[in-house]
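Content type mmCIF, C-alpha atoms, from the file coords_19.cif:
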data_work
loop_
_atom_site.label_atom_id
_atom_site.label_comp_id
_atom_site.auth_asym_id
_atom_site.auth_seq_id
_atom_site.Cartn_x
_atom_site.Cartn_y
_atom_site.Cartn_z
CA MET R 1 111.91 73.93 91.93
CA LEU R 2 107.92 80.78 94.08
CA LEU R 3 108.90 83.30 96.21
CA ASN R 4 105.82 83.12 98.47
CA SER R 5 106.46 83.50 102.15
CA CYS R 6 107.14 80.90 104.81
CA GLY R 7 108.24 83.68 107.10
CA LYS R 8 106.84 87.14 106.45
CA GLY R 9 108.94 90.27 106.48
CA ILE R 10 112.34 88.68 105.82
CA PHE R 11 112.79 89.49 102.12
CA ALA R 12 115.84 91.65 102.73
CA GLY R 13 117.60 88.82 104.53
CA ARG R 14 117.32 86.22 101.79
CA ILE R 15 120.39 84.28 100.71
CA THR R 16 121.01 84.66 96.98
CA GLU R 17 123.96 82.31 96.46
CA GLY R 18 125.57 79.36 98.23
CA VAL R 19 125.47 75.61 98.83
CA ILE R 20 123.14 73.32 100.77
CA GLU R 21 124.42 70.03 102.18
CA TYR R 22 121.81 67.29 102.62
CA ALA R 23 122.14 64.07 104.63
CA LEU R 24 120.57 61.10 102.83
CA SER R 25 118.80 58.06 104.21
CA PHE R 26 116.88 55.21 102.56
CA PRO R 27 113.97 54.07 104.73
CA ASP R 28 113.09 50.98 102.68
CA ILE R 29 116.59 49.52 102.33
CA GLU R 30 118.01 47.21 104.97
CA PRO R 31 120.95 48.98 106.65
CA ASP R 32 122.89 45.70 106.73
CA GLY R 33 122.02 44.76 103.16
CA ILE R 34 124.69 43.92 100.62
CA MET R 35 124.21 47.22 98.74
CA SER R 36 123.70 49.54 101.71
CA GLY R 37 127.40 50.41 101.92
CA MET R 38 127.32 51.60 98.30
CA LEU R 39 124.56 54.15 98.89
CA PRO R 40 125.39 57.87 99.15
CA GLU R 41 125.32 59.62 102.51
CA ARG R 42 125.39 63.23 101.28
CA THR R 43 124.28 65.33 98.34
CA TYR R 44 125.03 68.98 97.60
CA LEU R 45 122.98 71.72 95.97
CA TYR R 46 124.83 74.78 94.62
CA PHE R 47 122.64 77.72 93.69
CA ASP R 48 122.25 81.32 92.72
CA LYS R 49 119.00 83.23 92.13
CA ASP R 50 118.19 81.55 88.80
CA ARG R 51 120.22 78.33 88.63
CA GLN R 52 121.03 75.27 90.69
CA VAL R 53 123.35 72.27 90.51
CA ALA R 54 122.67 69.03 92.40
CA GLU R 55 125.58 66.63 92.79
CA LEU R 56 125.32 63.05 94.06
CA SER R 57 127.94 60.30 94.13
CA ALA R 58 127.50 56.64 95.14
CA GLY R 59 129.25 53.30 94.94
CA MET R 60 132.56 54.80 96.11
CA GLY R 61 132.53 57.18 93.17
CA LEU R 62 131.55 54.62 90.53
CA PHE R 63 128.17 56.29 90.05
CA LYS R 64 127.67 60.05 89.87
CA THR R 65 124.90 62.34 88.75
CA THR R 66 125.16 66.09 88.21
CA VAL R 67 121.94 67.92 87.42
CA ILE R 68 122.27 71.53 86.24
CA ALA R 69 119.00 73.44 86.10
CA ASP R 70 118.26 76.87 84.65
CA ASN R 71 115.13 77.86 86.55
CA ASP R 72 114.50 80.94 84.44
CA GLU R 73 114.61 79.22 81.03
CA ARG R 74 113.26 75.88 82.35
CA LYS R 75 116.16 73.88 80.93
CA LEU R 76 118.04 71.03 82.57
CA ASP R 77 121.27 69.13 81.85
CA TYR R 78 121.24 65.67 83.44
CA HIS R 79 124.76 64.18 83.61
CA LEU R 80 125.33 60.52 84.44
CA ALA R 81 128.77 58.94 84.95
CA ILE R 82 128.81 55.17 85.52
CA MET R 83 131.31 52.38 84.83
CA GLY R 84 133.34 54.42 82.37
CA LYS R 85 130.28 55.92 80.62
CA ARG R 86 129.73 59.66 80.67
CA LEU R 87 126.33 60.68 79.35
CA VAL R 88 124.28 63.86 79.35
CA ALA R 89 120.70 64.57 78.34
CA HIS R 90 119.76 68.17 77.57
CA MET R 91 116.11 68.60 78.55
CA GLY R 92 113.33 71.09 78.32
CA GLU R 93 110.28 71.14 80.55
CA GLY R 94 108.47 68.60 78.37
CA ASP R 95 111.38 66.16 78.58
CA VAL R 96 111.39 66.44 82.36
CA ARG R 97 107.71 65.55 82.51
CA HIS R 98 108.43 62.53 80.29
CA MET R 99 110.90 61.20 82.88
CA ALA R 100 108.53 61.71 85.82
CA PRO R 101 106.44 58.77 87.08
CA GLN R 102 102.88 59.04 85.80
CA ASP R 103 101.23 57.19 88.70
CA ASN R 104 102.43 59.36 91.60
CA ARG R 105 99.65 61.93 91.59
CA MET R 106 99.33 63.74 94.89
CA THR R 107 97.49 66.40 96.86
CA LEU R 108 99.44 68.97 98.85
CA VAL R 109 98.05 69.90 102.26
CA TRP R 110 99.30 73.25 103.52
CA THR R 111 99.79 73.63 107.28
CA ASN R 112 100.56 76.36 109.78
CA GLU R 113 103.40 74.36 111.29
CA PHE R 114 106.97 75.64 111.25
CA ASP R 115 110.43 74.35 112.05
CA THR R 116 114.01 75.62 111.91
CA ILE R 117 116.34 73.55 109.74
CA SER R 118 120.02 74.51 109.47
CA GLY R 119 119.14 77.98 110.71
CA MET R 120 116.41 78.47 108.09
CA HIS R 121 112.80 79.21 109.05
CA CYS R 122 110.60 76.65 107.26
CA ARG R 123 106.92 75.99 106.72
CA LYS R 124 105.53 72.46 106.59
CA ALA R 125 103.34 70.92 103.88
CA VAL R 126 102.22 67.31 103.49
CA ALA R 127 102.06 65.39 100.21
CA ILE R 128 99.26 62.79 100.13
CA TYR R 129 99.41 60.41 97.19
CA ASP R 130 96.38 59.09 95.34
CA ASP R 131 97.94 55.65 95.65
CA ILE R 132 97.19 54.75 99.27
CA ALA R 133 100.14 52.31 99.26
CA LEU R 134 102.50 55.30 99.12
CA PRO R 135 103.26 56.94 102.49
CA GLU R 136 102.52 60.59 103.14
CA VAL R 137 105.56 62.86 102.82
CA GLU R 138 106.31 65.80 105.11
CA LEU R 139 107.84 68.71 103.20
CA TYR R 140 109.67 71.58 104.86
CA TYR R 141 110.53 74.56 102.70
CA THR R 142 111.97 78.03 103.21
CA ASP R 143 111.76 81.38 101.47
CA GLN R 144 114.93 82.64 103.16
CA ILE R 145 116.81 81.42 100.08
CA GLN R 146 116.01 83.58 97.05
CA MET R 147 115.76 81.20 94.11
CA GLY R 148 113.21 81.50 91.31
CA SER R 149 111.02 78.40 90.72
CA PRO R 150 113.34 76.03 92.60
CA ASN R 151 111.09 72.96 92.23
CA TRP R 152 109.88 73.23 88.63
CA PHE R 153 111.55 69.97 87.50
CA GLY R 154 110.73 67.80 90.53
CA PRO R 155 107.65 66.09 91.94
CA TYR R 156 106.85 69.03 94.24
CA SER R 157 106.67 71.79 91.66
CA GLU R 158 103.87 73.57 93.59
CA ILE R 159 106.01 74.07 96.70
CA PRO R 160 106.76 77.83 96.94
CA GLY R 161 110.26 77.69 98.37
CA VAL R 162 113.49 75.73 98.63
CA LEU R 163 112.98 72.27 100.15
CA LEU R 164 115.20 71.51 103.13
CA ARG R 165 113.55 68.32 104.41
CA TYR R 166 111.64 65.98 102.11
CA GLU R 167 111.46 62.57 100.45
CA MET R 168 111.41 61.47 96.85
CA VAL R 169 111.18 58.16 94.99
CA GLN R 170 113.28 57.33 91.93
CA ASN R 171 113.03 53.99 90.16
CA GLY R 172 111.43 52.44 93.22
CA ILE R 173 114.01 53.73 95.72
CA ARG R 174 112.69 56.03 98.45
CA MET R 175 115.26 58.62 99.53
CA ARG R 176 114.95 61.00 102.46
CA LEU R 177 116.85 64.30 102.37
CA ASN R 178 117.53 66.54 105.35
CA ALA R 179 119.57 69.75 105.10
CA VAL R 180 122.41 69.70 107.62
CA ALA R 181 124.14 72.90 106.45
CA VAL R 182 123.27 76.00 104.44
CA LYS R 183 126.39 77.94 103.51
CA PRO R 184 125.95 81.36 101.87
CA GLY R 185 128.69 82.55 99.56
CA PRO R 186 129.79 82.90 95.94
CA VAL R 187 129.51 79.88 93.65
CA GLU R 188 131.96 79.45 90.78
CA ARG R 189 130.25 80.28 87.47
CA SER R 190 131.75 77.16 85.90
CA ARG R 191 129.52 74.96 88.07
CA PHE R 192 126.51 76.09 86.04
CA SER R 193 128.02 75.02 82.70
CA PRO R 194 127.49 71.55 81.14
CA LEU R 195 130.30 69.16 82.07
CA PRO R 196 132.90 68.29 79.41
CA ASP R 197 133.56 64.78 78.05
CA HIS R 198 129.92 63.67 78.33
CA THR R 199 128.20 62.14 75.29
CA PRO R 200 124.79 63.69 74.49
CA VAL R 201 121.95 61.12 74.53
CA GLY R 202 118.17 61.21 74.40
CA VAL R 203 115.94 61.21 77.44
CA GLU R 204 114.88 57.59 76.83
CA GLN R 205 118.45 56.29 76.82
CA LEU R 206 119.41 58.23 79.92
CA SER R 207 116.30 56.97 81.73
CA ALA R 208 117.14 53.38 80.80
CA GLU R 209 120.73 53.72 81.99
CA LEU R 210 119.63 55.32 85.25
CA ALA R 211 116.99 52.66 85.89
CA SER R 212 119.52 49.90 85.27
CA VAL R 213 121.94 51.38 87.80
CA LEU R 214 119.36 52.13 90.49
CA SER R 215 117.78 48.70 90.25
CA ALA R 216 121.01 47.24 91.60
CA PHE R 217 120.70 49.34 94.78
CA SER R 218 117.12 48.20 95.40
CA GLN R 219 117.97 44.48 95.42
#
How does this structure look as structure tokens?
Amino acid sequence: MLLNSCGKGIFAGRITEGVIEYALSFPDIEPDGIMSGMLPERTYLYFDKDRQVAELSAGMGLFKTTVIADNDERKLDYHLAIMGKRLVAHMGEGDVRHMAPQDNRMTLVWTNEFDTISGMHCRKAVAIYDDIALPEVELYYTDQIQMGSPNWFGPYSEIPGVLLRYEMVQNGIRMRLNAVAVKPGPVERSRFSPLPDHTPVGVEQLSAELASVLSAFSQ
């Protein structure tokens, strides 16, 4: 992750299936740093009304994550492929909370500001963290995409719509996402199935592997 409005009276025009392309940037990483060329520039979110798949590849394909979420049943398959390893953790809502940072408590401030992002009408909210060292985050979300509980597994679970411009922090790396294209259309059903040839592991092992990989990018 919810179907509250950020643009009243447009229910009939909602997109029910398609793909969102996001441009990525990393505000805290030197653009000329040794690892900057290994960072991803794009990520893709495939969706229908009840499911979504986020795909991200970095390090010239050496590192890839595929997260498949069932928003209705609150289940998530987190796939990680790195240096010849192919791992997957099958998670419920409790497992997802276990992976989330415990010190990033925030307050959401709702505004009456709007913007248009990739043709989608969006409302703005602001996340203010209890830790004053963490910067405020502007969140732009739309209800023109019909997806149930799109943010249930992320840090902004209270946001009532699909996020098109936002930031998130994972293992100390701050990543900014901005939707550059929203393409309606059918999504192959196979995208929503767990990937083959991935070894099932526990949440703790997957978290450790992910932290080890991401720490290299933050050097």
Exercise. Report as a list of chain:residue names the residues that result from applying the PyMOL selection byres ((chain R and resi 24) around 8) to the structure here.
Key: R:Tyr22, R:Ala23, R:Ser25, R:Phe26, R:Pro40, R:Glu41, R:Arg42, R:Thr43, R:Met175, R:Arg176, R:Leu177, R:Asn178
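Each of R:Ile145, R:Leu195, R:Leu76, R:Val182 was checked against Pro160 of chain R using all atoms listed in the file; the smallest atom-to-atom distance is that of R:Ile145.
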Exercise. Name the closest residue to Arg191 of chain R among the candidates R:Val53, R:Ile82, R:Val213, R:Val19; distances are taken between atoms, counting only C-alpha atoms.
Key: R:Val53
Self-check item: Ref. answer, residues at most 12 Å from (105.1, 68.4, 81.3) with all atoms listed in the file, as a list in words
Solution: Arg74, Met91, Gly92, Glu93, Gly94, Asp95, Val96, Arg97, His98, Met99, Ala100, Pro101, Gln102, Trp152, Phe153, Gly154, Pro155 and Ser157 of chain R
Close residues, Val109 of chain R itself excluded, 8 Å, only C-alpha atoms, min 5 positions apart in chain, as a short mmCIF file (atom, residue, chain, number, x, y, z; two decimals) with C-alpha atoms, in the coordinates of the input:
data_model
loop_
_atom_site.label_atom_id
_atom_site.label_comp_id
_atom_site.auth_asym_id
_atom_site.auth_seq_id
_atom_site.Cartn_x
_atom_site.Cartn_y
_atom_site.Cartn_z
CA ALA R 125 103.34 70.92 103.88
CA VAL R 126 102.22 67.31 103.49
CA ALA R 127 102.06 65.39 100.21
CA ILE R 128 99.26 62.79 100.13
#
Self-check item: Distance criterion (only C-alpha atoms): nearest to Lys49 of chain R out of R:Cys122, R:Ile15, R:Val137, R:Val203
Solution: R:Ile15
Self-check item: Spatial sel., origin (124.3, 76.2, 87.2), limit 6 Å, all atoms listed in the file, listed as a PyMOL selection string
Solution: chain R and resi 51-53+68+191-193
Just write the chosen residues, C-alpha atoms, as a short mmCIF file (atom, residue, chain, number, x, y, z; two decimals), in the coordinates of the input.
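Result file follows (selection-v7.cif):
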data_model
loop_
_atom_site.label_atom_id
_atom_site.label_comp_id
_atom_site.auth_asym_id
_atom_site.auth_seq_id
_atom_site.Cartn_x
_atom_site.Cartn_y
_atom_site.Cartn_z
CA ARG R 51 120.22 78.33 88.63
CA GLN R 52 121.03 75.27 90.69
CA VAL R 53 123.35 72.27 90.51
CA ILE R 68 122.27 71.53 86.24
CA ARG R 191 129.52 74.96 88.07
CA PHE R 192 126.51 76.09 86.04
CA SER R 193 128.02 75.02 82.70
#
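Considering the residues R:Ala208, R:Ala69, R:Ile173, R:Ala133 and counting only C-alpha atoms, Ser149 of chain R has its shortest atom-to-atom contact with R:Ala69.
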Quiz item: Which residues match the PyMOL selection byres ((chain R and resi 115) around 12) in the file above, as a PyMOL selection string?
Solution: chain R and resi 6-7+111-114+116-125+138-142+164-165
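Taking atom CA of Tyr156 of chain R as the reference point, atom CA of Trp110 of chain R is found at 12.7 Å.
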Practice problem: Could you check how far atom CA of Ser212 of chain R sits from atom CA of Leu45 of chain R, in Å to one decimal? | Solution: 24.5 Å
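Atom pair atom CA of Arg174 of chain R / atom CA of Pro27 of chain R: separated by 6.7 Å.
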Exercise. With a distance cut-off of 10 Å and all atoms listed in the file, select the neighbouring residues of Pro184 of chain R, excluding the residue or stretch itself and same-chain residues fewer than 2 positions from it, and output the selection as an MDAnalysis selection string.
Key: chainID R and resid 14:20 46:48 145 181:182 186:187
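Using all atoms listed in the file, the smallest distance between any of R:Met83, R:Ala54, R:Leu214, R:Leu206 and Asn171 of chain R comes from R:Leu214.
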Self-check item: Long-range neighbours of Leu134 of chain R as JSON, numbers by chain, 12 Å cut-off, only C-alpha atoms, 6 positions minimum in chain
Solution: {"R": [28, 103, 104, 105, 106, 127, 128, 167, 168, 169, 172, 174]}
